[in-house]
file work01.pdb (PDB, C-alpha atoms, pLDDT in the B column)
ATOM      1  CA  MET A 503     105.127 -21.959 -33.057  1.00 49.00           C
ATOM      2  CA  ALA A 504     107.290 -24.586 -31.408  1.00 51.00           C
ATOM      3  CA  ARG A 505     110.251 -26.223 -33.101  1.00 55.00           C
ATOM      4  CA  GLY A 506     111.993 -29.406 -32.075  1.00 49.00           C
ATOM      5  CA  SER A 507     114.703 -31.762 -33.307  1.00 52.00           C
ATOM      6  CA  VAL A 508     115.516 -34.914 -31.321  1.00 55.00           C
ATOM      7  CA  CYS A 509     116.417 -38.539 -31.969  1.00 64.00           C
ATOM      8  CA  ASP A 510     113.173 -39.888 -30.490  1.00 84.00           C
ATOM      9  CA  ASP A 511     109.500 -38.936 -30.727  1.00 89.00           C
ATOM     10  CA  GLY A 512     108.974 -35.282 -31.560  1.00 92.00           C
ATOM     11  CA  ILE A 513     105.809 -35.390 -29.460  1.00 95.00           C
ATOM     12  CA  ALA A 514     104.906 -38.401 -27.297  1.00 95.00           C
ATOM     13  CA  VAL A 515     101.543 -38.561 -25.544  1.00 97.00           C
ATOM     14  CA  LYS A 516     101.695 -41.543 -23.194  1.00 96.00           C
ATOM     15  CA  THR A 517     100.595 -42.768 -19.779  1.00 96.00           C
ATOM     16  CA  ASN A 518     103.078 -43.688 -17.081  1.00 89.00           C
ATOM     17  CA  LYS A 519     101.303 -42.583 -13.880  1.00 90.00           C
ATOM     18  CA  ALA A 520      97.773 -41.582 -14.906  1.00 96.00           C
ATOM     19  CA  ALA A 521      95.442 -41.201 -17.859  1.00 97.00           C
ATOM     20  CA  ALA A 522      96.357 -38.720 -20.595  1.00 98.00           C
ATOM     21  CA  LYS A 523      93.412 -36.641 -21.806  1.00 98.00           C
ATOM     22  CA  ASN A 524      92.319 -33.291 -23.222  1.00 98.00           C
ATOM     23  CA  ILE A 525      95.615 -32.451 -24.923  1.00 98.00           C
ATOM     24  CA  THR A 526      96.231 -30.190 -27.939  1.00 98.00           C
ATOM     25  CA  VAL A 527      99.456 -30.036 -29.976  1.00 98.00           C
ATOM     26  CA  ARG A 528      99.224 -27.143 -32.435  1.00 98.00           C
ATOM     27  CA  ASN A 529     101.483 -25.191 -34.848  1.00 98.00           C
ATOM     28  CA  THR A 530     104.576 -27.312 -34.197  1.00 96.00           C
ATOM     29  CA  ASN A 531     107.541 -28.058 -36.466  1.00 96.00           C
ATOM     30  CA  ILE A 532     109.513 -31.214 -35.712  1.00 96.00           C
ATOM     31  CA  PHE A 533     112.713 -32.169 -37.529  1.00 95.00           C
ATOM     32  CA  GLY A 534     114.421 -35.555 -37.766  1.00 94.00           C
ATOM     33  CA  THR A 535     112.282 -37.151 -35.072  1.00 94.00           C
ATOM     34  CA  HIS A 536     110.116 -40.247 -34.660  1.00 94.00           C
ATOM     35  CA  GLY A 537     106.969 -38.240 -35.318  1.00 96.00           C
ATOM     36  CA  LEU A 538     103.765 -36.995 -33.705  1.00 98.00           C
ATOM     37  CA  SER A 539     103.185 -39.992 -31.471  1.00 97.00           C
ATOM     38  CA  ILE A 540     100.704 -41.590 -29.125  1.00 98.00           C
ATOM     39  CA  GLY A 541     102.327 -44.255 -26.940  1.00 97.00           C
ATOM     40  CA  SER A 542     103.894 -46.544 -26.558  1.00 96.00           C
ATOM     41  CA  GLN A 543     102.584 -46.662 -22.969  1.00 97.00           C
ATOM     42  CA  THR A 544      98.777 -46.335 -23.094  1.00 98.00           C
ATOM     43  CA  PHE A 545      97.733 -48.585 -20.199  1.00 97.00           C
ATOM     44  CA  ASP A 546      95.980 -45.816 -18.212  1.00 97.00           C
ATOM     45  CA  GLY A 547      94.079 -44.645 -21.298  1.00 98.00           C
ATOM     46  CA  VAL A 548      94.534 -41.804 -23.800  1.00 98.00           C
ATOM     47  CA  THR A 549      91.443 -39.725 -24.621  1.00 98.00           C
ATOM     48  CA  ASN A 550      90.667 -36.547 -26.554  1.00 98.00           C
ATOM     49  CA  VAL A 551      93.960 -35.559 -28.165  1.00 98.00           C
ATOM     50  CA  LEU A 552      94.148 -33.043 -31.025  1.00 98.00           C
ATOM     51  CA  PHE A 553      97.169 -32.578 -33.283  1.00 98.00           C
ATOM     52  CA  GLU A 554      96.483 -29.522 -35.458  1.00 98.00           C
ATOM     53  CA  ASN A 555      98.458 -27.604 -38.098  1.00 98.00           C
ATOM     54  CA  ASN A 556     101.764 -29.382 -37.554  1.00 98.00           C
ATOM     55  CA  TYR A 557     104.791 -29.917 -39.816  1.00 98.00           C
ATOM     56  CA  VAL A 558     106.812 -33.141 -39.678  1.00 97.00           C
ATOM     57  CA  TYR A 559     110.207 -33.449 -41.366  1.00 97.00           C
ATOM     58  CA  GLY A 560     111.972 -36.811 -41.526  1.00 96.00           C
ATOM     59  CA  LYS A 561     115.360 -35.151 -41.369  1.00 95.00           C
ATOM     60  CA  SER A 562     116.921 -32.265 -39.504  1.00 92.00           C
ATOM     61  CA  SER A 563     117.484 -28.850 -41.019  1.00 87.00           C
ATOM     62  CA  ALA A 564     121.140 -29.934 -41.379  1.00 90.00           C
ATOM     63  CA  GLY A 565     120.019 -32.889 -43.497  1.00 91.00           C
ATOM     64  CA  VAL A 566     120.481 -35.636 -40.881  1.00 93.00           C
ATOM     65  CA  ALA A 567     117.855 -38.337 -41.429  1.00 93.00           C
ATOM     66  CA  SER A 568     115.732 -39.613 -38.580  1.00 94.00           C
ATOM     67  CA  THR A 569     116.549 -43.113 -37.350  1.00 92.00           C
ATOM     68  CA  ASP A 570     112.808 -43.875 -37.509  1.00 93.00           C
ATOM     69  CA  ALA A 571     111.152 -41.328 -39.778  1.00 96.00           C
ATOM     70  CA  ASN A 572     107.536 -41.516 -38.643  1.00 97.00           C
ATOM     71  CA  ALA A 573     104.943 -38.820 -39.190  1.00 98.00           C
ATOM     72  CA  ILE A 574     101.492 -39.716 -37.787  1.00 98.00           C
ATOM     73  CA  ASN A 575     102.312 -42.461 -35.300  1.00 98.00           C
ATOM     74  CA  ILE A 576     100.177 -44.394 -32.786  1.00 98.00           C
ATOM     75  CA  LYS A 577     101.908 -47.358 -31.166  1.00 97.00           C
ATOM     76  CA  THR A 578     101.454 -49.763 -28.288  1.00 97.00           C
ATOM     77  CA  ASP A 579     101.283 -53.498 -27.545  1.00 97.00           C
ATOM     78  CA  GLN A 580      99.900 -55.931 -24.987  1.00 96.00           C
ATOM     79  CA  GLU A 581     102.802 -55.316 -22.606  1.00 96.00           C
ATOM     80  CA  CYS A 582     101.674 -51.721 -22.016  1.00 97.00           C
ATOM     81  CA  GLY A 583      98.442 -51.284 -23.963  1.00 97.00           C
ATOM     82  CA  GLY A 584      95.099 -49.716 -23.160  1.00 97.00           C
ATOM     83  CA  LEU A 585      92.303 -47.675 -24.699  1.00 98.00           C
ATOM     84  CA  VAL A 586      93.263 -44.897 -27.121  1.00 98.00           C
ATOM     85  CA  GLN A 587      90.228 -42.947 -28.275  1.00 98.00           C
ATOM     86  CA  GLN A 588      89.113 -39.643 -29.769  1.00 98.00           C
ATOM     87  CA  VAL A 589      92.481 -38.790 -31.282  1.00 98.00           C
ATOM     88  CA  THR A 590      92.436 -36.363 -34.212  1.00 98.00           C
ATOM     89  CA  TYR A 591      95.237 -35.305 -36.557  1.00 98.00           C
ATOM     90  CA  THR A 592      94.157 -32.248 -38.564  1.00 98.00           C
ATOM     91  CA  ASN A 593      96.201 -30.563 -41.300  1.00 98.00           C
ATOM     92  CA  THR A 594      99.493 -32.412 -41.010  1.00 98.00           C
ATOM     93  CA  CYS A 595     102.249 -31.501 -43.465  1.00 98.00           C
ATOM     94  CA  ILE A 596     104.895 -34.194 -43.965  1.00 98.00           C
ATOM     95  CA  ARG A 597     108.233 -34.205 -45.780  1.00 98.00           C
ATOM     96  CA  TYR A 598     111.132 -36.690 -45.975  1.00 98.00           C
ATOM     97  CA  ALA A 599     109.279 -39.300 -43.904  1.00 98.00           C
ATOM     98  CA  LYS A 600     109.184 -43.075 -44.296  1.00 97.00           C
ATOM     99  CA  HIS A 601     106.241 -44.144 -42.107  1.00 98.00           C
ATOM    100  CA  LEU A 602     103.545 -41.697 -43.162  1.00 98.00           C
ATOM    101  CA  LEU A 603     100.631 -43.029 -41.142  1.00 98.00           C
ATOM    102  CA  VAL A 604     101.184 -45.828 -38.635  1.00 98.00           C
ATOM    103  CA  VAL A 605      98.666 -47.249 -36.184  1.00 98.00           C
ATOM    104  CA  ASN A 606     100.310 -50.280 -34.580  1.00 98.00           C
ATOM    105  CA  ALA A 607      98.874 -52.442 -31.771  1.00 98.00           C
ATOM    106  CA  ASN A 608     101.830 -54.840 -31.918  1.00 96.00           C
ATOM    107  CA  TYR A 609     104.682 -52.406 -31.449  1.00 95.00           C
ATOM    108  CA  GLY A 610     106.881 -54.938 -29.647  1.00 91.00           C
ATOM    109  CA  SER A 611     109.094 -52.543 -27.715  1.00 84.00           C
ATOM    110  CA  CYS A 612     107.024 -51.500 -24.748  1.00 90.00           C
ATOM    111  CA  SER A 613     107.026 -51.953 -20.970  1.00 89.00           C
ATOM    112  CA  GLY A 614     104.532 -51.038 -18.283  1.00 93.00           C
ATOM    113  CA  THR A 615     101.214 -52.445 -17.138  1.00 95.00           C
ATOM    114  CA  ALA A 616      99.895 -55.163 -19.413  1.00 96.00           C
ATOM    115  CA  GLY A 617      96.595 -54.513 -21.172  1.00 97.00           C
ATOM    116  CA  THR A 618      94.691 -54.875 -24.421  1.00 98.00           C
ATOM    117  CA  PRO A 619      95.516 -52.327 -27.125  1.00 98.00           C
ATOM    118  CA  GLN A 620      92.335 -50.622 -28.364  1.00 98.00           C
ATOM    119  CA  PHE A 621      92.128 -47.832 -30.944  1.00 98.00           C
ATOM    120  CA  LYS A 622      88.728 -46.147 -31.285  1.00 98.00           C
ATOM    121  CA  ASN A 623      87.635 -43.018 -33.138  1.00 98.00           C
ATOM    122  CA  ILE A 624      91.035 -42.185 -34.577  1.00 98.00           C
ATOM    123  CA  VAL A 625      90.580 -39.385 -37.131  1.00 98.00           C
ATOM    124  CA  VAL A 626      93.047 -38.142 -39.730  1.00 98.00           C
ATOM    125  CA  ASN A 627      91.526 -35.129 -41.483  1.00 98.00           C
ATOM    126  CA  GLY A 628      93.909 -33.323 -43.786  1.00 98.00           C
ATOM    127  CA  ALA A 629      97.417 -34.641 -44.475  1.00 98.00           C
ATOM    128  CA  LEU A 630      99.920 -34.048 -47.263  1.00 98.00           C
ATOM    129  CA  SER A 631     103.242 -35.805 -47.800  1.00 98.00           C
ATOM    130  CA  GLU A 632     106.046 -34.863 -50.186  1.00 98.00           C
ATOM    131  CA  ASN A 633     109.524 -36.233 -50.916  1.00 98.00           C
ATOM    132  CA  SER A 634     108.946 -39.389 -48.891  1.00 98.00           C
ATOM    133  CA  VAL A 635     112.040 -41.564 -48.624  1.00 97.00           C
ATOM    134  CA  SER A 636     112.605 -44.903 -50.319  1.00 97.00           C
ATOM    135  CA  GLY A 637     110.405 -47.668 -48.933  1.00 97.00           C
ATOM    136  CA  ALA A 638     107.795 -45.318 -47.526  1.00 98.00           C
ATOM    137  CA  TYR A 639     104.487 -46.829 -46.453  1.00 98.00           C
ATOM    138  CA  GLU A 640     101.346 -46.645 -44.314  1.00 98.00           C
ATOM    139  CA  GLU A 641     100.368 -49.277 -41.735  1.00 98.00           C
ATOM    140  CA  ILE A 642      97.042 -49.829 -39.943  1.00 98.00           C
ATOM    141  CA  GLU A 643      97.342 -52.716 -37.500  1.00 98.00           C
ATOM    142  CA  GLY A 644      94.712 -53.481 -34.874  1.00 98.00           C
ATOM    143  CA  PHE A 645      95.343 -55.946 -32.078  1.00 98.00           C
ATOM    144  CA  ASN A 646      93.036 -58.795 -33.103  1.00 98.00           C
ATOM    145  CA  SER A 647      89.601 -59.517 -34.561  1.00 98.00           C
ATOM    146  CA  SER A 648      87.930 -58.624 -31.253  1.00 98.00           C
ATOM    147  CA  ASN A 649      89.846 -55.357 -30.901  1.00 98.00           C
ATOM    148  CA  LEU A 650      89.831 -53.697 -34.309  1.00 98.00           C
ATOM    149  CA  ALA A 651      91.534 -50.396 -34.960  1.00 98.00           C
ATOM    150  CA  GLN A 652      88.812 -47.877 -35.875  1.00 98.00           C
ATOM    151  CA  LEU A 653      89.946 -45.045 -38.152  1.00 98.00           C
ATOM    152  CA  PHE A 654      88.343 -42.253 -40.143  1.00 98.00           C
ATOM    153  CA  VAL A 655      90.658 -40.866 -42.824  1.00 98.00           C
ATOM    154  CA  ALA A 656      89.720 -37.880 -44.992  1.00 98.00           C
ATOM    155  CA  ASN A 657      91.350 -35.261 -47.199  1.00 98.00           C
ATOM    156  CA  VAL A 658      94.693 -37.015 -47.483  1.00 98.00           C
ATOM    157  CA  LYS A 659      97.227 -36.851 -50.297  1.00 98.00           C
ATOM    158  CA  PHE A 660     100.256 -39.050 -49.776  1.00 98.00           C
ATOM    159  CA  ASP A 661     102.961 -39.173 -52.443  1.00 98.00           C
ATOM    160  CA  VAL A 662     103.359 -42.896 -51.652  1.00 98.00           C
ATOM    161  CA  ASN A 663     100.395 -45.240 -51.175  1.00 97.00           C
ATOM    162  CA  LYS A 664     101.824 -48.563 -50.035  1.00 97.00           C
ATOM    163  CA  ASN A 665     100.346 -50.869 -47.412  1.00 95.00           C
ATOM    164  CA  ASN A 666     102.471 -52.626 -44.819  1.00 95.00           C
ATOM    165  CA  ALA A 667     101.105 -55.325 -42.482  1.00 92.00           C
ATOM    166  CA  ASP A 668      97.562 -53.954 -42.362  1.00 98.00           C
ATOM    167  CA  GLN A 669      95.281 -56.131 -40.246  1.00 98.00           C
ATOM    168  CA  ASP A 670      92.249 -56.096 -37.949  1.00 98.00           C
ATOM    169  CA  ALA A 671      90.905 -52.645 -38.727  1.00 98.00           C
ATOM    170  CA  THR A 672      87.836 -50.773 -39.898  1.00 98.00           C
ATOM    171  CA  VAL A 673      88.721 -47.704 -41.929  1.00 98.00           C
ATOM    172  CA  ALA A 674      86.270 -45.132 -43.287  1.00 98.00           C
ATOM    173  CA  LEU A 675      87.615 -43.082 -46.208  1.00 98.00           C
ATOM    174  CA  ASP A 676      86.814 -39.760 -47.882  1.00 98.00           C
ATOM    175  CA  ASN A 677      88.947 -37.947 -50.493  1.00 98.00           C
ATOM    176  CA  VAL A 678      92.093 -39.978 -49.901  1.00 98.00           C
ATOM    177  CA  ASN A 679      93.810 -39.949 -53.323  1.00 96.00           C
ATOM    178  CA  GLY A 680      94.641 -43.648 -53.590  1.00 96.00           C
ATOM    179  CA  PHE A 681      95.183 -44.512 -49.943  1.00 97.00           C
ATOM    180  CA  LEU A 682      93.426 -47.861 -49.419  1.00 97.00           C
ATOM    181  CA  PRO A 683      94.265 -50.118 -46.461  1.00 98.00           C
ATOM    182  CA  SER A 684      93.958 -53.848 -47.103  1.00 97.00           C
ATOM    183  CA  GLY A 685      94.831 -57.048 -45.321  1.00 97.00           C
ATOM    184  CA  THR A 686      93.524 -59.752 -43.020  1.00 98.00           C
ATOM    185  CA  GLY A 687      90.518 -58.520 -41.085  1.00 98.00           C
ATOM    186  CA  VAL A 688      90.561 -55.077 -42.730  1.00 98.00           C
ATOM    187  CA  THR A 689      87.323 -53.531 -43.992  1.00 98.00           C
ATOM    188  CA  THR A 690      86.889 -50.125 -45.611  1.00 98.00           C
ATOM    189  CA  SER A 691      83.855 -47.935 -46.160  1.00 98.00           C
ATOM    190  CA  SER A 692      82.981 -44.445 -47.364  1.00 98.00           C
ATOM    191  CA  PHE A 693      81.956 -41.472 -45.268  1.00 98.00           C
ATOM    192  CA  THR A 694      81.929 -37.693 -45.589  1.00 98.00           C
ATOM    193  CA  LEU A 695      83.937 -35.225 -43.518  1.00 98.00           C
ATOM    194  CA  SER A 696      84.320 -31.516 -44.199  1.00 98.00           C
ATOM    195  CA  GLY A 697      87.821 -30.222 -44.812  1.00 97.00           C
ATOM    196  CA  SER A 698      90.483 -30.342 -47.504  1.00 98.00           C
ATOM    197  CA  VAL A 699      94.022 -31.492 -48.212  1.00 98.00           C
ATOM    198  CA  PRO A 700      96.219 -28.881 -46.500  1.00 98.00           C
ATOM    199  CA  THR A 701      98.261 -26.347 -48.430  1.00 97.00           C
ATOM    200  CA  CYS A 702     101.758 -26.669 -46.964  1.00 98.00           C
ATOM    201  CA  THR A 703     104.634 -24.198 -46.977  1.00 98.00           C
ATOM    202  CA  PHE A 704     107.660 -26.265 -46.085  1.00 97.00           C
ATOM    203  CA  ALA A 705     110.787 -24.696 -44.615  1.00 94.00           C
ATOM    204  CA  PHE A 706     113.118 -26.838 -46.777  1.00 94.00           C
TER     205      PHE A 706
END

call {"tool": "encode", "arguments": {"input": "work01.pdb", "output": "structure tokens"}}
result
Amino acid sequence: MARGSVCDDGIAVKTNKAAAKNITVRNTNIFGTHGLSIGSQTFDGVTNVLFENNYVYGKSSAGVASTDANAINIKTDQECGGLVQQVTYTNTCIRYAKHLLVVNANYGSCSGTAGTPQFKNIVVNGALSENSVSGAYEEIEGFNSSNLAQLFVANVKFDVNKNNADQDATVALDNVNGFLPSGTGVTTSSFTLSGSVPTCTFAF
């Protein structure tokens, strides 16, 4: 089991020289970071990434809050964007976070090779949040009406269900306990995926 505490992304899967693919991040605890992240550089493509059985804390074990308390975090923009596909977050336990689930194609702080942000087959199966900080929210933001963010979200129990800037997305939902994206160009549907809300044993 890995443990990490930094002032940036706890995990960052990105492309700077070549495509990123066939990556697993499992049984990791991250404290006071910017989350389990894809991006921001995705211009060479990100494919087949699994985050499994991870704990995300929005503050350090000493109580120092993250400067950007993300949990599940996918980010890019047209300055460094590309295709992100077949990314799965399974059994994610979240505490003291502010941005519980963010998929953002207009990140606005990215450099690299210009390209179109595309999010396809993004799966969140099993996530629990507790003690989220004031102003906590979820955000699903595709790039435009021709490049919708495609998500499948199942077995999720967030202690805060608040939308922020949702747009241009198709989201399939199963057992999500009130989580309901809405906004310009956002459509939702039902589907079925085996699994359950994770049982989490937090360290603090």

call {"tool": "atom_distance", "arguments": {"input": "work01.pdb", "atom1": "atom CA of Val626 of chain A", "atom2": "atom CA of Ser563 of chain A"}}
result
26.2 Å

call {"tool": "residues_around", "arguments": {"input": "work01.pdb", "residues": "Asn663 of chain A", "least_positions_apart": "5", "cutoff": "7 Å", "atoms": "all atoms listed in the file", "output": "list in words"}}
result
Tyr639, Gly680 and Phe681 of chain A

call {"tool": "residues_around", "arguments": {"input": "work01.pdb", "residues": "Phe660 of chain A", "least_positions_apart": "2", "cutoff": "8 Å", "atoms": "only C-alpha atoms", "output": "MDAnalysis selection string"}}
result
chainID A and resid 602 629:632 658 662:663 679 681

call {"tool": "residues_around", "arguments": {"input": "work01.pdb", "residues": "Val673 of chain A", "least_positions_apart": "2", "cutoff": "10 Å", "atoms": "all atoms listed in the file", "output": "PyMOL selection string"}}
result
chain A and resi 624-625+642+650-655+670-671+675+682-684+688-693

call {"tool": "atom_distance", "arguments": {"input": "work01.pdb", "atom1": "atom CA of Gly617 of chain A", "atom2": "atom CA of Lys600 of chain A"}}
result
28.7 Å

call {"tool": "residues_around", "arguments": {"input": "work01.pdb", "residues": "Phe533 of chain A", "least_positions_apart": "6", "cutoff": "12 Å", "atoms": "only C-alpha atoms", "output": "PyMOL selection string"}}
result
chain A and resi 504-513+556-573+596-599+704-706

call {"tool": "residues_around", "arguments": {"input": "work01.pdb", "residues": "Phe545 of chain A", "least_positions_apart": "2", "cutoff": "6 Å", "atoms": "only C-alpha atoms", "output": "list of chain:residue names"}}
result
A:Gln543, A:Gly547, A:Cys582, A:Gly583, A:Gly584

call {"tool": "write_last_selection", "arguments": {"input": "work01.pdb", "atoms": "C-alpha atoms", "output": "PDB file, keeping the file's coordinate frame"}}
result
ATOM      1  CA  GLN A 543     102.584 -46.662 -22.969  1.00 97.00           C
ATOM      2  CA  GLY A 547      94.079 -44.645 -21.298  1.00 98.00           C
ATOM      3  CA  CYS A 582     101.674 -51.721 -22.016  1.00 97.00           C
ATOM      4  CA  GLY A 583      98.442 -51.284 -23.963  1.00 97.00           C
ATOM      5  CA  GLY A 584      95.099 -49.716 -23.160  1.00 97.00           C
TER       6      GLY A 584
END

call {"tool": "closest_atom_pairs", "arguments": {"input": "work01.pdb", "of": "segment 517-602 of chain A", "to": "segment 697-703 of chain A", "cutoff": "8 Å", "atoms": "all atoms listed in the file", "output": "CSV"}}
result
residue,atom,partner,partner_atom,distance
A:Asn593,CA,A:Pro700,CA,5.5
A:Thr594,CA,A:Pro700,CA,7.3
A:Cys595,CA,A:Cys702,CA,6.0

call {"tool": "resolve_selection", "arguments": {"input": "work01.pdb", "expression": "the PyMOL selection byres ((chain A and resi 666) around 10)", "output": "list in words"}}
result
His601, Val604, Ala638, Tyr639, Glu640, Glu641, Ile642, Glu643, Asn663, Lys664, Asn665, Ala667, Asp668, Gln669, Pro683, Ser684 and Gly685 of chain A

call {"tool": "atom_distance", "arguments": {"input": "work01.pdb", "atom1": "atom CA of Thr526 of chain A", "atom2": "atom CA of Asn550 of chain A"}}
result
8.6 Å

call {"tool": "closest_residue", "arguments": {"input": "work01.pdb", "among": "A:Gln587, A:Asp661, A:Ser613, A:Pro619", "to": "Ser636 of chain A", "atoms": "all atoms listed in the file"}}
result
A:Asp661

call {"tool": "resolve_selection", "arguments": {"input": "work01.pdb", "expression": "the PyMOL selection byres ((chain A and resi 521) around 10)", "output": "list in words"}}
result
Lys516, Thr517, Asn518, Lys519, Ala520, Ala522, Lys523, Thr544, Phe545, Asp546, Gly547, Val548, Thr549 and Leu585 of chain A

call {"tool": "axis_aligned_box", "arguments": {"input": "work01.pdb", "around": "segment 633-638 of chain A", "padding_each_side": "6 Å", "output": "lines of an AutoDock Vina configuration file"}}
result
center_x = 110.2
center_y = -42.0
center_z = -49.2
size_x = 16.8
size_y = 23.4
size_z = 15.4

call {"tool": "closest_residue", "arguments": {"input": "work01.pdb", "among": "A:Gly637, A:Val551, A:Val515, A:Lys659", "to": "Asn623 of chain A", "atoms": "only C-alpha atoms"}}
result
A:Val551

call {"tool": "residues_near_point", "arguments": {"input": "work01.pdb", "point": "(105.6, -38.9, -37.2)", "cutoff": "6 Å", "atoms": "all atoms listed in the file", "output": "list in words"}}
result
His536, Gly537, Leu538, Asn572, Ala573, Ile574 and Asn575 of chain A
